[in-house]
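Working notes, structure below.
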Amino acid sequence: MTDAPETRDKHWLVRPANIRKLTYVSAAVLAFVALLDVALEPHPAFGIDGTLFFYSWFGFVTCVAMVVLAKLLGIFLKRRDSYYDD
Amino acid sequence: MTIEAFPPGLLLILGAVLLLLLRGRAREAVTLVLPVAVLAHLWTLPDGVLLQFSFLGMAVEPLEVDALSRLFATIFAIMAAAGALYAIRQSRFLEIIAAYIYAGGAIGVAFAGDLITVFVFWEVMALASTMVLWAAGNENAWKASFRYLMIHLLGGVVLMAGIVAHVQAGNGTDFVAMKPEDVGTWLILIGFLLNAAAPPLSAWLADAYPEASPGGMVFLSAFTTKTAVYVLLRGFPGAEILVFVGLYMVFYGIIYALLENDMRRILAYSIVNQVGFMVTGVGIGTEMALNGAAAHAFAHIIYKALLLMSAGSVLHMTGKRKCTDLGGLFQSMPLTTICGIIGALAISSFPLTSGFISKSMIGQAAVDSNMAVVWFLLTAASAGVFLHAGIKFPWFVFFQKDSGLRPKDPPLNMRWAMILFAFLCIAIGVFPGTLYALLPYPVDYVPYTAPHVINILQLLLFSGAAFFVCLPMMKRTLTISLDFDWFYRKFFGILGKEFSYLGVDAYAAAWTALERRLERFITRIFKHHGPAGVMARTWPTGSTALWMAILLLVYLLLTYV
């Protein structure tokens, strides 16, 4: 059940060449989905959400912000996981 | 008194108790059939009050049916059935019994026409869910269950006090829409919110649930918080404070899930996050928002249970629960991985999944009500859901590094339960009309428009990109995060210790002082009454007699003078 991973052939998903290919494909998909905005008729509810690439940058920026916020709060909130055991 | 039908919640509870009489295959078969029978029964019930009697002069209506109660009772029964299928061979039988009583309590609340019935089933749920935790049978679960029970009994007391005040103010026991405006309604609202894992006491959820058995947490994830959403929908639609509470919960869930290392605790925090969307919807309060909150609760129970079944399968097969110990499992657990990913896509509300057609309604309600800030926050949070649950959970458990673990997919019954719920996640997403037809208000909403689908894809895919860009910042650490439970797990402990030290000191000082005083008292007594004491001398009657004799002698002499 737990043979060492290097003794068997690696799964196609974890071979470095394929990971590289996957990265390119993902980047292409991202670019394609973002560019769909150009074809879309904007009907904004609040103004800014009708501007070009709004959902793309909003998703990206808010997520980075949440990760950074979590990281900052983690400085104060994180404890070793045996903290409550004693 | 009218009796037109037997309450389905009670049917499930009594059925669960009767299961104890059966053994072996018969018990297994009846266990799986029971919730389906309850489901069939509740769908035969017509709308209206079907059971009514008077208790201490108050009207009690344990069975009042309408679209909203039927919707929640339906999903609770489906959940009980799928959860039992998942857990039946692996969990202790006590857990299934407790889970059925728990689900019966939830169905009981869903059909409650009055506040007394709500309260009774509320407490049934608190006790039965604690038993589900006990069934895990380890010390951590045992300890966590008492912290869990303490919070829920507190919530029950607050709810009871609220109901008493509400009835005392002359409002009757009828469970209808209220506004938080006096002591009674505020206390009822607080009691409800406590079960929704609202702040400040949200920590009970992520503290207790992940200590349950793999099957136990699947059950636990469904009933308590979603019953709370139901009573909020019924009791406090449009209460503005719920918008703020909900938004807080949404971001609390994301941030804590991002910091978390335990895979099932990540999913526990994401329950709070998802319930936050629903609570916000209740707070917005338009028909669209209430429909959205109800639909999201329905969809959420399925995909969250699916995620927890997937995580539970990993736990069952590997015995490990921390992301730092896991990774690379997709190679040997393909079905668990695929089902986990479907659950993750559904919770992230990807198009063609159940989350997409339910959560979109809450966002649309914010737009219709012209709540710009709420909409922007909900949209950011939707991106955050993909970040903390949609990608983080599958990535760290099934991909990430290779942990070297090669567990197989779990046993057959667990696989079927996952397949069933994965199917439902997609079926509801592809055919939204079925769920929309069950909602309390007529639905005038089309989720699949080209701009909406494309915009959501942009939002989600770019939040996915953010995940991989930030991956170095999200390296898993062997840590937990402090939460409000710190106060009752650590602070009050320290405070208690501190005071008991002081108390011991004070006690010792008081005792020494008392001893010293006693000693002085004894010394003083000894001084005056001891063998050498003044008071211990012989009574001076002898000398008095002498003096009297002398006086008499002097007197005698004087008479002769």
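Residue numbering restarts at 1 in every chain; chains get A, B, ... in the order shown in the structure tokens, and ligands count up from 1 in that same order.
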Problem - Residues of chain B within 8 Å of chain A, counting only C-alpha atoms, as a PyMOL selection string - result: chain B and resi 254-256+258-259+331+367+372+380+383-384+387+402+404-408+451+454-467+470+473-474+478-483+489-490
Handout entry: Separation of CA of Glu519 (chain B) from CA of Pro531 (chain B) in Å
Key = 17.8 Å
Practice task
Taking the chain letters and numbering used in this document, name the residues of region 104-348 of chain B that DSSP puts in helix (DSSP H, G or I), as a PyMOL selection string.
Solution key: chain B and resi 104-110+115-134+139-171+183-195+203-211+214-235+241-259+263-284+287-318+323-325+329-331+334-347
Practice task
Can you work out the spacing between CA of Ala208 (chain B) and CA of Ala128 (chain B) in Å, to one decimal?
Solution key: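 CA of Ala128 (chain B) lies 13.9 Å from CA of Ala208 (chain B).
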Handout entry: Neighbour list for Phe192 (chain B) as number ranges by chain, cut-off 9 Å, only C-alpha atoms, skip fewer than 6 positions in-chain
Key = B: 155-156, 159, 227-229, 231-232
Expected file contents, prior selection, C-alpha atoms, as a compact mmCIF listing (two decimals), in the first residue's frame:
# COMPACT_ATOMS: atom_id res chain seq x y z
CA GLY B 155 -27.94 28.66 23.74
CA GLY B 156 -30.96 26.63 24.84
CA LEU B 159 -33.69 30.66 23.71
CA THR B 227 -31.81 24.35 11.32
CA ALA B 228 -30.57 27.69 12.60
CA VAL B 229 -30.79 29.09 9.07
CA VAL B 231 -35.53 29.34 12.06
CA LEU B 232 -33.89 32.62 11.01
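Picture a line from CA of Val60 (chain B) to CA of Gly285 (chain B); it runs 27.3 Å.
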Practice task
Could you tell me which of B:Gln400, B:Tyr252, B:Thr31, B:Phe111 comes closest to Pro199 (chain B) if we count only C-alpha atoms?
Solution key: B:Tyr252
Practice task
Just the residues within 12 Å of Asn171 (chain B), please, counting only C-alpha atoms, with nothing from its chain fewer than 6 positions along; format it as a list in words.
Solution key: Met58, Ala59, Asp114, Leu115, Gly162, Ile163, Val164, Ala165, Ala177, Met178, Asp182, Gly184 and Thr185 of chain B
Let me see the file: selected residues, all heavy atoms, as an mmCIF file, in the first residue's frame.
data_model
loop_
_atom_site.group_PDB
_atom_site.id
_atom_site.type_symbol
_atom_site.label_atom_id
_atom_site.label_comp_id
_atom_site.auth_asym_id
_atom_site.auth_seq_id
_atom_site.Cartn_x
_atom_site.Cartn_y
_atom_site.Cartn_z
ATOM 1 N N MET B 58 -51.333 27.027 26.551
ATOM 2 C CA MET B 58 -50.694 27.605 25.359
ATOM 3 C C MET B 58 -50.925 26.684 24.159
ATOM 4 O O MET B 58 -50.929 25.459 24.297
ATOM 5 C CB MET B 58 -49.202 27.780 25.599
ATOM 6 C CG MET B 58 -48.889 28.850 26.622
ATOM 7 S SD MET B 58 -47.146 28.940 27.025
ATOM 8 C CE MET B 58 -46.872 27.439 27.894
ATOM 9 N N ALA B 59 -51.062 27.292 22.997
ATOM 10 C CA ALA B 59 -51.312 26.503 21.792
ATOM 11 C C ALA B 59 -49.997 25.883 21.321
ATOM 12 O O ALA B 59 -48.998 26.581 21.163
ATOM 13 C CB ALA B 59 -51.896 27.385 20.698
ATOM 14 N N ASP B 114 -44.976 26.311 16.501
ATOM 15 C CA ASP B 114 -44.943 27.178 17.677
ATOM 16 C C ASP B 114 -43.566 27.115 18.314
ATOM 17 O O ASP B 114 -42.774 26.206 18.041
ATOM 18 C CB ASP B 114 -45.995 26.713 18.686
ATOM 19 C CG ASP B 114 -45.619 25.371 19.266
ATOM 20 O OD1 ASP B 114 -45.735 24.356 18.525
ATOM 21 O OD2 ASP B 114 -45.173 25.316 20.402
ATOM 22 N N LEU B 115 -43.300 28.096 19.194
ATOM 23 C CA LEU B 115 -41.961 28.227 19.759
ATOM 24 C C LEU B 115 -41.638 27.120 20.765
ATOM 25 O O LEU B 115 -40.475 26.756 20.932
ATOM 26 C CB LEU B 115 -41.821 29.596 20.421
ATOM 27 C CG LEU B 115 -41.810 30.757 19.422
ATOM 28 C CD1 LEU B 115 -42.041 32.085 20.121
ATOM 29 C CD2 LEU B 115 -40.483 30.783 18.671
ATOM 30 N N GLY B 162 -35.841 33.739 26.122
ATOM 31 C CA GLY B 162 -36.449 34.591 25.099
ATOM 32 C C GLY B 162 -37.899 34.217 24.849
ATOM 33 O O GLY B 162 -38.779 35.081 24.758
ATOM 34 N N ILE B 163 -38.157 32.910 24.756
ATOM 35 C CA ILE B 163 -39.530 32.461 24.490
ATOM 36 C C ILE B 163 -40.439 32.861 25.646
ATOM 37 O O ILE B 163 -41.551 33.367 25.450
ATOM 38 C CB ILE B 163 -39.556 30.930 24.266
ATOM 39 C CG1 ILE B 163 -38.817 30.578 22.979
ATOM 40 C CG2 ILE B 163 -40.986 30.423 24.194
ATOM 41 C CD1 ILE B 163 -38.612 29.093 22.746
ATOM 42 N N VAL B 164 -39.947 32.660 26.889
ATOM 43 C CA VAL B 164 -40.752 33.033 28.066
ATOM 44 C C VAL B 164 -41.082 34.523 28.024
ATOM 45 O O VAL B 164 -42.247 34.924 28.177
ATOM 46 C CB VAL B 164 -39.996 32.674 29.372
ATOM 47 C CG1 VAL B 164 -40.698 33.290 30.573
ATOM 48 C CG2 VAL B 164 -39.900 31.170 29.524
ATOM 49 N N ALA B 165 -40.059 35.341 27.762
ATOM 50 C CA ALA B 165 -40.295 36.791 27.728
ATOM 51 C C ALA B 165 -41.263 37.156 26.602
ATOM 52 O O ALA B 165 -42.125 38.023 26.743
ATOM 53 C CB ALA B 165 -38.974 37.532 27.557
ATOM 54 N N ALA B 177 -42.938 35.335 11.768
ATOM 55 C CA ALA B 177 -41.872 36.321 11.593
ATOM 56 C C ALA B 177 -41.912 37.353 12.715
ATOM 57 O O ALA B 177 -42.974 37.852 13.081
ATOM 58 C CB ALA B 177 -42.016 37.002 10.246
ATOM 59 N N MET B 178 -40.726 37.643 13.284
ATOM 60 C CA MET B 178 -40.608 38.617 14.372
ATOM 61 C C MET B 178 -39.584 39.666 13.965
ATOM 62 O O MET B 178 -38.885 39.528 12.978
ATOM 63 C CB MET B 178 -40.116 37.923 15.647
ATOM 64 C CG MET B 178 -41.023 36.846 16.186
ATOM 65 S SD MET B 178 -40.186 35.875 17.463
ATOM 66 C CE MET B 178 -39.522 34.516 16.530
ATOM 67 N N ASP B 182 -37.564 43.730 21.248
ATOM 68 C CA ASP B 182 -37.653 43.743 22.707
ATOM 69 C C ASP B 182 -36.822 42.585 23.274
ATOM 70 O O ASP B 182 -36.205 41.825 22.514
ATOM 71 C CB ASP B 182 -39.115 43.658 23.175
ATOM 72 C CG ASP B 182 -39.826 42.431 22.607
ATOM 73 O OD1 ASP B 182 -39.119 41.548 22.066
ATOM 74 O OD2 ASP B 182 -41.061 42.365 22.683
ATOM 75 N N GLY B 184 -37.490 39.740 24.629
ATOM 76 C CA GLY B 184 -37.855 38.393 24.210
ATOM 77 C C GLY B 184 -37.317 38.050 22.833
ATOM 78 O O GLY B 184 -36.618 37.051 22.644
ATOM 79 N N THR B 185 -37.613 38.895 21.861
ATOM 80 C CA THR B 185 -37.199 38.596 20.493
ATOM 81 C C THR B 185 -35.670 38.639 20.340
ATOM 82 O O THR B 185 -35.103 37.853 19.583
ATOM 83 C CB THR B 185 -37.847 39.571 19.492
ATOM 84 O OG1 THR B 185 -37.816 40.878 20.048
ATOM 85 C CG2 THR B 185 -39.289 39.176 19.223
#
